[in-house]
Amino acid sequence: MIKVNFVCHGNICRSTMAEFVFKDMVAKNGLSDKFHIESSATSREEIGNPVHPGTRNKLAEVGISTKGKYARQITKKDYKDFDYILIMDDMNRRNLKRIIGEDTDNKVYKLLHFANSERDIADPWYTGNFDETYDDVLEGCTAFLNYCIKNKL
């Protein structure tokens, strides 16, 4: 089983969007039993809060529910438990390092790395553009799933 944790600053916009987009992709490909998928935050600011309405609304447009999801912070134990920790931007990497220390097992990647890009996924909390974030998340999740199918399954 491939264990994936998507990470952003607050776990209410980007990482949650990636979690549920990826879960949807995996299910549609009949691979749900091959993956364990979660998301978390590097900060404590939003812990316990529900998914941002912009993310909920954007995912609802494409038939994906985020029901039951509440923000949580990543832990040092998560680093041990997950195979991939997929971050949204360089600031996530810096903040994550404070929590988990060095990435000695090479588990931390930017989500778009799998789409041959090291660009950040813009935070819609600040930009207000959930469509753009969705497009980037979809690109990254699609590339990551293809990578897993080719190399890990």
# chains A, B, ... in the order shown; residues from 1 in each chain; ligands from 1
>>> closest_atom_pairs(of="segment 24-53 of chain A", to="segment 81-101 of chain A", cutoff="12 Å", atoms="only C-alpha atoms", output="CSV")
residue,atom,partner,partner_atom,distance
A:Phe35,CA,A:Asp83,CA,10.3
A:His36,CA,A:Phe82,CA,8.7
A:Ile37,CA,A:Phe82,CA,9.1
A:Glu38,CA,A:Phe82,CA,9.4
A:Ser39,CA,A:Ile85,CA,8.9
A:Ser40,CA,A:Ile85,CA,9.6
A:Ala41,CA,A:Asn92,CA,8.6
A:Thr42,CA,A:Leu96,CA,5.8
A:Ser43,CA,A:Asn95,CA,7.8
A:Arg44,CA,A:Asn95,CA,11.3
>>> write_last_selection(atoms="all heavy atoms", output="PDB file, in the first residue's frame")
ATOM      1  N   PHE A  35      -3.878   2.424  -1.995  1.00  0.00           N
ATOM      2  CA  PHE A  35      -3.430   3.699  -1.448  1.00  0.00           C
ATOM      3  C   PHE A  35      -4.085   4.005  -0.109  1.00  0.00           C
ATOM      4  O   PHE A  35      -5.242   3.653   0.117  1.00  0.00           O
ATOM      5  CB  PHE A  35      -3.791   4.849  -2.400  1.00  0.00           C
ATOM      6  CG  PHE A  35      -2.984   4.896  -3.663  1.00  0.00           C
ATOM      7  CD1 PHE A  35      -3.403   4.198  -4.781  1.00  0.00           C
ATOM      8  CD2 PHE A  35      -1.819   5.635  -3.727  1.00  0.00           C
ATOM      9  CE1 PHE A  35      -2.665   4.243  -5.959  1.00  0.00           C
ATOM     10  CE2 PHE A  35      -1.080   5.681  -4.894  1.00  0.00           C
ATOM     11  CZ  PHE A  35      -1.497   4.985  -6.020  1.00  0.00           C
ATOM     12  N   HIS A  36      -3.343   4.684   0.737  1.00  0.00           N
ATOM     13  CA  HIS A  36      -3.877   5.340   1.931  1.00  0.00           C
ATOM     14  C   HIS A  36      -3.550   6.818   1.733  1.00  0.00           C
ATOM     15  O   HIS A  36      -2.377   7.182   1.564  1.00  0.00           O
ATOM     16  CB  HIS A  36      -3.231   4.809   3.206  1.00  0.00           C
ATOM     17  CG  HIS A  36      -3.686   5.544   4.414  1.00  0.00           C
ATOM     18  ND1 HIS A  36      -4.888   5.270   5.044  1.00  0.00           N
ATOM     19  CD2 HIS A  36      -3.126   6.574   5.093  1.00  0.00           C
ATOM     20  CE1 HIS A  36      -5.031   6.100   6.057  1.00  0.00           C
ATOM     21  NE2 HIS A  36      -3.972   6.898   6.109  1.00  0.00           N
ATOM     22  N   ILE A  37      -4.579   7.676   1.753  1.00  0.00           N
ATOM     23  CA  ILE A  37      -4.416   9.076   1.369  1.00  0.00           C
ATOM     24  C   ILE A  37      -4.958   9.985   2.462  1.00  0.00           C
ATOM     25  O   ILE A  37      -6.115   9.827   2.883  1.00  0.00           O
ATOM     26  CB  ILE A  37      -5.153   9.366   0.036  1.00  0.00           C
ATOM     27  CG1 ILE A  37      -4.677   8.396  -1.052  1.00  0.00           C
ATOM     28  CG2 ILE A  37      -4.962  10.822  -0.377  1.00  0.00           C
ATOM     29  CD1 ILE A  37      -5.632   8.256  -2.220  1.00  0.00           C
ATOM     30  N   GLU A  38      -4.149  10.947   2.877  1.00  0.00           N
ATOM     31  CA  GLU A  38      -4.546  11.950   3.865  1.00  0.00           C
ATOM     32  C   GLU A  38      -3.972  13.303   3.463  1.00  0.00           C
ATOM     33  O   GLU A  38      -3.222  13.401   2.491  1.00  0.00           O
ATOM     34  CB  GLU A  38      -4.024  11.582   5.257  1.00  0.00           C
ATOM     35  CG  GLU A  38      -4.636  10.349   5.871  1.00  0.00           C
ATOM     36  CD  GLU A  38      -4.167  10.106   7.295  1.00  0.00           C
ATOM     37  OE1 GLU A  38      -3.817  11.076   8.000  1.00  0.00           O
ATOM     38  OE2 GLU A  38      -4.137   8.928   7.694  1.00  0.00           O
ATOM     39  N   SER A  39      -4.288  14.306   4.262  1.00  0.00           N
ATOM     40  CA  SER A  39      -3.664  15.617   4.100  1.00  0.00           C
ATOM     41  C   SER A  39      -3.501  16.249   5.469  1.00  0.00           C
ATOM     42  O   SER A  39      -4.183  15.872   6.427  1.00  0.00           O
ATOM     43  CB  SER A  39      -4.496  16.522   3.183  1.00  0.00           C
ATOM     44  OG  SER A  39      -5.750  16.834   3.760  1.00  0.00           O
ATOM     45  N   SER A  40      -2.587  17.206   5.550  1.00  0.00           N
ATOM     46  CA  SER A  40      -2.315  17.870   6.822  1.00  0.00           C
ATOM     47  C   SER A  40      -1.673  19.227   6.585  1.00  0.00           C
ATOM     48  O   SER A  40      -1.361  19.600   5.451  1.00  0.00           O
ATOM     49  CB  SER A  40      -1.431  16.983   7.705  1.00  0.00           C
ATOM     50  OG  SER A  40      -0.245  16.650   7.043  1.00  0.00           O
ATOM     51  N   ALA A  41      -1.460  19.937   7.690  1.00  0.00           N
ATOM     52  CA  ALA A  41      -0.928  21.302   7.666  1.00  0.00           C
ATOM     53  C   ALA A  41       0.445  21.363   8.310  1.00  0.00           C
ATOM     54  O   ALA A  41       0.777  20.535   9.162  1.00  0.00           O
ATOM     55  CB  ALA A  41      -1.870  22.230   8.434  1.00  0.00           C
ATOM     56  N   THR A  42       1.198  22.388   7.945  1.00  0.00           N
ATOM     57  CA  THR A  42       2.437  22.654   8.667  1.00  0.00           C
ATOM     58  C   THR A  42       2.176  23.586   9.845  1.00  0.00           C
ATOM     59  O   THR A  42       2.953  23.620  10.783  1.00  0.00           O
ATOM     60  CB  THR A  42       3.507  23.286   7.759  1.00  0.00           C
ATOM     61  OG1 THR A  42       3.016  24.502   7.213  1.00  0.00           O
ATOM     62  CG2 THR A  42       3.917  22.319   6.655  1.00  0.00           C
ATOM     63  N   SER A  43       1.085  24.330   9.804  1.00  0.00           N
ATOM     64  CA  SER A  43       0.779  25.275  10.888  1.00  0.00           C
ATOM     65  C   SER A  43      -0.315  24.715  11.795  1.00  0.00           C
ATOM     66  O   SER A  43      -0.957  23.720  11.473  1.00  0.00           O
ATOM     67  CB  SER A  43       0.312  26.615  10.313  1.00  0.00           C
ATOM     68  OG  SER A  43      -1.040  26.528   9.907  1.00  0.00           O
ATOM     69  N   ARG A  44      -0.529  25.408  12.890  1.00  0.00           N
ATOM     70  CA  ARG A  44      -1.592  25.024  13.824  1.00  0.00           C
ATOM     71  C   ARG A  44      -2.808  25.945  13.681  1.00  0.00           C
ATOM     72  O   ARG A  44      -3.804  25.757  14.370  1.00  0.00           O
ATOM     73  CB  ARG A  44      -1.065  25.091  15.257  1.00  0.00           C
ATOM     74  CG  ARG A  44       0.107  24.152  15.514  1.00  0.00           C
ATOM     75  CD  ARG A  44       0.581  24.147  16.950  1.00  0.00           C
ATOM     76  NE  ARG A  44      -0.483  23.924  17.915  1.00  0.00           N
ATOM     77  CZ  ARG A  44      -1.000  22.728  18.229  1.00  0.00           C
ATOM     78  NH1 ARG A  44      -0.530  21.648  17.667  1.00  0.00           N
ATOM     79  NH2 ARG A  44      -1.962  22.632  19.120  1.00  0.00           N
TER      80      ARG A  44
END
>>> residues_around(residues="Trp125 of chain A", least_positions_apart="5", cutoff="12 Å", atoms="only C-alpha atoms", output="PyMOL selection string")
chain A and resi 8-14+51-55+130+133
>>> select_by_dssp(residues="chain A", states="helix (DSSP H, G or I)", output="ChimeraX atom specification")
/A:14-28,32-34,53-61,76-81,90-100,111-115,124-127,130-151
>>> select_by_dssp(residues="segment 4-133 of chain A", states="strand (DSSP E or B)", output="count of residues only")
22
>>> closest_residue(among="A:Ile47, A:Met25, A:Lys107, A:Thr16", to="Tyr79 of chain A", atoms="only C-alpha atoms")
A:Lys107
